[in-house]
file run31.pdb (PDB, C-alpha atoms and all ligand atoms)
MODEL        1
ATOM      1  CA  MET A   1       0.000   0.000   0.000
ATOM      2  CA  LEU A   2       1.447   3.351  -0.988
ATOM      3  CA  SER A   3       0.001   5.046   2.096
ATOM      4  CA  GLU A   4       2.159   2.765   4.309
ATOM      5  CA  LEU A   5       5.445   3.869   2.722
ATOM      6  CA  ARG A   6       7.623   6.162   4.799
ATOM      7  CA  SER A   7       8.357   9.641   3.550
ATOM      8  CA  TRP A   8      11.910  10.600   2.611
ATOM      9  CA  LYS A   9      12.184  12.544   5.881
ATOM     10  CA  GLU A  10      11.739   9.320   7.894
ATOM     11  CA  ILE A  11      14.234   7.218   5.958
ATOM     12  CA  PRO A  12      17.697   6.902   7.606
ATOM     13  CA  ILE A  13      20.668   8.446   5.837
ATOM     14  CA  GLY A  14      22.345   5.978   3.502
ATOM     15  CA  GLY A  15      26.020   5.259   3.041
ATOM     16  CA  VAL A  16      28.036   8.031   1.457
ATOM     17  CA  ALA A  17      31.562   7.748   0.081
ATOM     18  CA  TRP A  18      33.382  10.849   1.258
ATOM     19  CA  LYS A  19      36.618  10.253  -0.589
ATOM     20  CA  LEU A  20      37.354  11.034  -4.219
ATOM     21  CA  SER A  21      36.620   8.074  -6.459
ATOM     22  CA  THR A  22      40.333   7.935  -7.326
ATOM     23  CA  GLU A  23      41.050   7.136  -3.661
ATOM     24  CA  ASN A  24      38.077   4.871  -3.190
ATOM     25  CA  LYS A  25      38.722   1.737  -5.201
ATOM     26  CA  THR A  26      35.337   0.179  -5.724
ATOM     27  CA  GLY A  27      36.147  -2.883  -7.793
ATOM     28  CA  ASP A  28      38.032  -5.078  -5.360
ATOM     29  CA  TRP A  29      35.116  -7.351  -4.497
ATOM     30  CA  SER A  30      34.204  -8.401  -8.009
ATOM     31  CA  PRO A  31      34.948 -12.073  -8.815
ATOM     32  CA  PHE A  32      35.119 -11.518 -12.591
ATOM     33  CA  LYS A  33      37.168  -9.004 -14.525
ATOM     34  CA  PRO A  34      37.312  -8.192 -18.229
ATOM     35  CA  ARG A  35      40.403  -9.066 -20.214
ATOM     36  CA  ILE A  36      40.777  -7.389 -23.581
ATOM     37  CA  ASP A  37      42.508  -9.201 -26.433
ATOM     38  CA  GLN A  38      44.309  -6.234 -27.966
ATOM     39  CA  THR A  39      45.130  -8.217 -31.116
ATOM     40  CA  LYS A  40      41.431  -8.370 -32.021
ATOM     41  CA  CYS A  41      40.288  -4.977 -30.697
ATOM     42  CA  THR A  42      39.123  -2.638 -33.480
ATOM     43  CA  LYS A  43      39.158   0.448 -31.179
ATOM     44  CA  CYS A  44      35.487   1.105 -31.776
ATOM     45  CA  LEU A  45      35.229   2.412 -28.160
ATOM     46  CA  ILE A  46      31.812   0.860 -27.568
ATOM     47  CA  CYS A  47      33.085  -0.674 -24.314
ATOM     48  CA  TRP A  48      34.465   2.688 -23.241
ATOM     49  CA  ILE A  49      31.138   4.394 -23.892
ATOM     50  CA  LEU A  50      28.942   1.739 -22.297
ATOM     51  CA  CYS A  51      30.848   0.838 -19.141
ATOM     52  CA  PRO A  52      28.617   2.083 -16.310
ATOM     53  CA  ASP A  53      31.612   2.555 -13.994
ATOM     54  CA  MET A  54      34.043   4.272 -16.366
ATOM     55  CA  ALA A  55      36.318   1.280 -15.805
ATOM     56  CA  ILE A  56      37.509   1.199 -19.405
ATOM     57  CA  GLU A  57      40.183   3.739 -20.196
ATOM     58  CA  TRP A  58      41.045   5.081 -23.664
ATOM     59  CA  ASP A  59      44.591   6.425 -23.862
ATOM     60  CA  GLY A  60      44.323   7.595 -27.465
ATOM     61  CA  GLU A  61      45.757   4.364 -28.821
ATOM     62  CA  LYS A  62      44.260   1.487 -26.857
ATOM     63  CA  VAL A  63      41.468   0.688 -24.440
ATOM     64  CA  HIS A  64      42.527  -0.594 -21.019
ATOM     65  CA  GLU A  65      40.663  -2.282 -18.207
ATOM     66  CA  LYS A  66      40.727  -0.386 -14.901
ATOM     67  CA  HIS A  67      40.227  -3.312 -12.576
ATOM     68  CA  ASP A  68      40.315  -1.155  -9.444
ATOM     69  CA  TYR A  69      36.931   0.260 -10.437
ATOM     70  CA  CYS A  70      35.350  -2.543 -12.483
ATOM     71  CA  LYS A  71      32.244  -4.161 -10.942
ATOM     72  CA  GLY A  72      32.427  -7.192 -13.216
ATOM     73  CA  CYS A  73      29.023  -6.605 -14.752
ATOM     74  CA  GLY A  74      30.105  -7.926 -18.160
ATOM     75  CA  VAL A  75      28.423  -5.179 -20.185
ATOM     76  CA  CYS A  76      31.655  -4.496 -22.071
ATOM     77  CA  ALA A  77      32.159  -8.161 -22.967
ATOM     78  CA  ASN A  78      28.535  -8.540 -23.985
ATOM     79  CA  GLU A  79      28.498  -5.466 -26.213
ATOM     80  CA  CYS A  80      31.933  -5.740 -27.847
ATOM     81  CA  PRO A  81      31.084  -6.295 -31.529
ATOM     82  CA  VAL A  82      34.119  -8.501 -32.174
ATOM     83  CA  LYS A  83      33.902 -10.381 -28.845
ATOM     84  CA  CYS A  84      37.484  -9.679 -27.842
ATOM     85  CA  ILE A  85      36.672  -9.112 -24.158
ATOM     86  CA  SER A  86      36.597 -12.155 -21.903
ATOM     87  CA  MET A  87      35.326 -12.147 -18.345
ATOM     88  CA  VAL A  88      37.846 -14.048 -16.235
ATOM     89  CA  ARG A  89      38.166 -14.784 -12.535
ATOM     90  CA  GLY A  90      40.382 -12.126 -11.134
TER      91      GLY A  90
HETATM   92  S1  LIG B 101      32.726  -5.532 -16.598
HETATM   93 FE1  LIG B 101      31.264  -3.820 -16.381
HETATM   94  S2  LIG B 101      32.253  -2.430 -14.925
HETATM   95 FE2  LIG B 101      33.831  -3.808 -15.657
HETATM   96  S3  LIG B 101      34.798  -2.766 -17.363
HETATM   97 FE3  LIG B 101      33.183  -4.071 -18.216
HETATM   98  S4  LIG B 101      31.358  -2.780 -18.340
HETATM   99 FE4  LIG B 101      32.829  -1.763 -16.984
HETATM  100  S1  LIG B 102      34.197  -2.852 -27.744
HETATM  101 FE1  LIG B 102      35.714  -4.429 -28.221
HETATM  102  S2  LIG B 102      36.550  -3.837 -30.208
HETATM  103 FE2  LIG B 102      35.503  -2.062 -29.387
HETATM  104  S3  LIG B 102      37.116  -0.902 -28.297
HETATM  105 FE3  LIG B 102      36.134  -2.239 -26.799
HETATM  106  S4  LIG B 102      37.408  -4.091 -26.781
HETATM  107 FE4  LIG B 102      37.892  -2.973 -28.656
ENDMDL
END
call {"tool": "encode", "arguments": {"input": "run31.pdb", "output": "structure tokens", "more": "lines below"}}
Ligand code: SF4
Ligand code: SF4
result
Amino acid sequence: MLSELRSWKEIPIGGVAWKLSTENKTGDWSPFKPRIDQTKCTKCLICWILCPDMAIEWDGEKVHEKHDYCKGCGVCANECPVKCISMVRG
């Protein structure tokens, strides 16, 4: 019942990360990490665009996995058009 829901004023304050995201590595609990096969990568940057955690880095020449921030969701591997990203235990 909607009338039984608490208002936002009654809900306790949630967790807040006070540090910069560069200091707060958020990917260390993920059991799977992407591994990019650079020999097959076409540099289309779809993985870079779609990663919800900005855990794919483009350095102007290659894409790189940023495992410190990757949540292991597999979006990059799923969407890579040439399937050169593998999700591995890491
Ligand atoms: S597995 Fe998910 S979080 Fe990790 S790099 Fe790929 S899209 Fe980003
Ligand atoms: S989606 Fe695949 S082919 Fe495209 S840049 Fe990423 S790893 Fe390379």
call {"tool": "axis_aligned_box", "arguments": {"input": "run31.pdb", "around": "ligand LIG 102 (chain B)", "padding_each_side": "6 Å", "output": "AutoDock Vina command-line options"}}
result
--center_x 36.0 --center_y -2.7 --center_z -28.5 --size_x 15.7 --size_y 15.5 --size_z 15.4
call {"tool": "atom_distance", "arguments": {"input": "run31.pdb", "atom1": "CA of Val88 (chain A)", "atom2": "atom S2 of ligand LIG 102 (chain B)"}}
result
17.4 Å
call {"tool": "residues_around", "arguments": {"input": "run31.pdb", "residues": "Gly90 (chain A)", "least_positions_apart": "4", "cutoff": "9 Å", "atoms": "only C-alpha atoms", "output": "list in words"}}
result
Ser30, Pro31, Phe32, Lys33, Pro34 and His67 of chain A
call {"tool": "residues_around", "arguments": {"input": "run31.pdb", "residues": "region 44-49 of chain A", "least_positions_apart": "4", "cutoff": "8 Å", "atoms": "only C-alpha atoms", "output": "list in words"}}
result
Met54, Ala55, Ile56, Glu57, Trp58, Val63, Val75, Cys76, Ala77, Glu79 and Cys80 of chain A
call {"tool": "resolve_selection", "arguments": {"input": "run31.pdb", "expression": "the PyMOL selection byres (((chain A and resi 26) around 10) and not hetatm)", "output": "compact mmCIF listing (two decimals) with C-alpha atoms, in the frame of the given file"}}
result
# COMPACT_ATOMS: atom_id res chain seq x y z
CA SER A 21 36.62 8.07 -6.46
CA THR A 22 40.33 7.94 -7.33
CA GLU A 23 41.05 7.14 -3.66
CA ASN A 24 38.08 4.87 -3.19
CA LYS A 25 38.72 1.74 -5.20
CA GLY A 27 36.15 -2.88 -7.79
CA ASP A 28 38.03 -5.08 -5.36
CA TRP A 29 35.12 -7.35 -4.50
CA SER A 30 34.20 -8.40 -8.01
CA ASP A 53 31.61 2.56 -13.99
CA HIS A 67 40.23 -3.31 -12.58
CA ASP A 68 40.32 -1.16 -9.44
CA TYR A 69 36.93 0.26 -10.44
CA CYS A 70 35.35 -2.54 -12.48
CA LYS A 71 32.24 -4.16 -10.94
call {"tool": "closest_residue", "arguments": {"input": "run31.pdb", "among": "A:Lys9, A:Thr42, A:Lys19, A:Arg89", "to": "ligand LIG 102 (chain B)", "atoms": "only C-alpha atoms and all ligand atoms"}}
result
A:Thr42
call {"tool": "residues_around", "arguments": {"input": "run31.pdb", "residues": "Ile36 (chain A)", "least_positions_apart": "2", "cutoff": "7 Å", "atoms": "only C-alpha atoms", "output": "list in words"}}
result
Pro34, Gln38, Cys84, Ile85 and Ser86 of chain A
call {"tool": "closest_residue", "arguments": {"input": "run31.pdb", "among": "A:Gly60, A:Lys43, A:Trp8, A:Glu65", "to": "ligand LIG 102 (chain B)", "atoms": "only C-alpha atoms and all ligand atoms"}}
result
A:Lys43
call {"tool": "closest_residue", "arguments": {"input": "run31.pdb", "among": "A:Lys66, A:Arg6, A:Lys83, A:Cys73", "to": "ligand LIG 102 (chain B)", "atoms": "all atoms listed in the file"}}
result
A:Lys83
call {"tool": "closest_residue", "arguments": {"input": "run31.pdb", "among": "A:Pro12, A:Ser7, A:Pro52, A:Leu20", "to": "ligand LIG 101 (chain B)", "atoms": "only C-alpha atoms and all ligand atoms"}}
result
A:Pro52
call {"tool": "atom_distance", "arguments": {"input": "run31.pdb", "atom1": "CA of Met87 (chain A)", "atom2": "CA of Glu61 (chain A)"}}
result
22.2 Å
call {"tool": "atom_distance", "arguments": {"input": "run31.pdb", "atom1": "CA of Leu50 (chain A)", "atom2": "CA of Gly72 (chain A)"}}
result
13.2 Å
call {"tool": "closest_residue", "arguments": {"input": "run31.pdb", "among": "A:Arg35, A:Gly15, A:Asp59, A:Pro81", "to": "ligand LIG 101 (chain B)", "atoms": "only C-alpha atoms and all ligand atoms"}}
result
A:Arg35
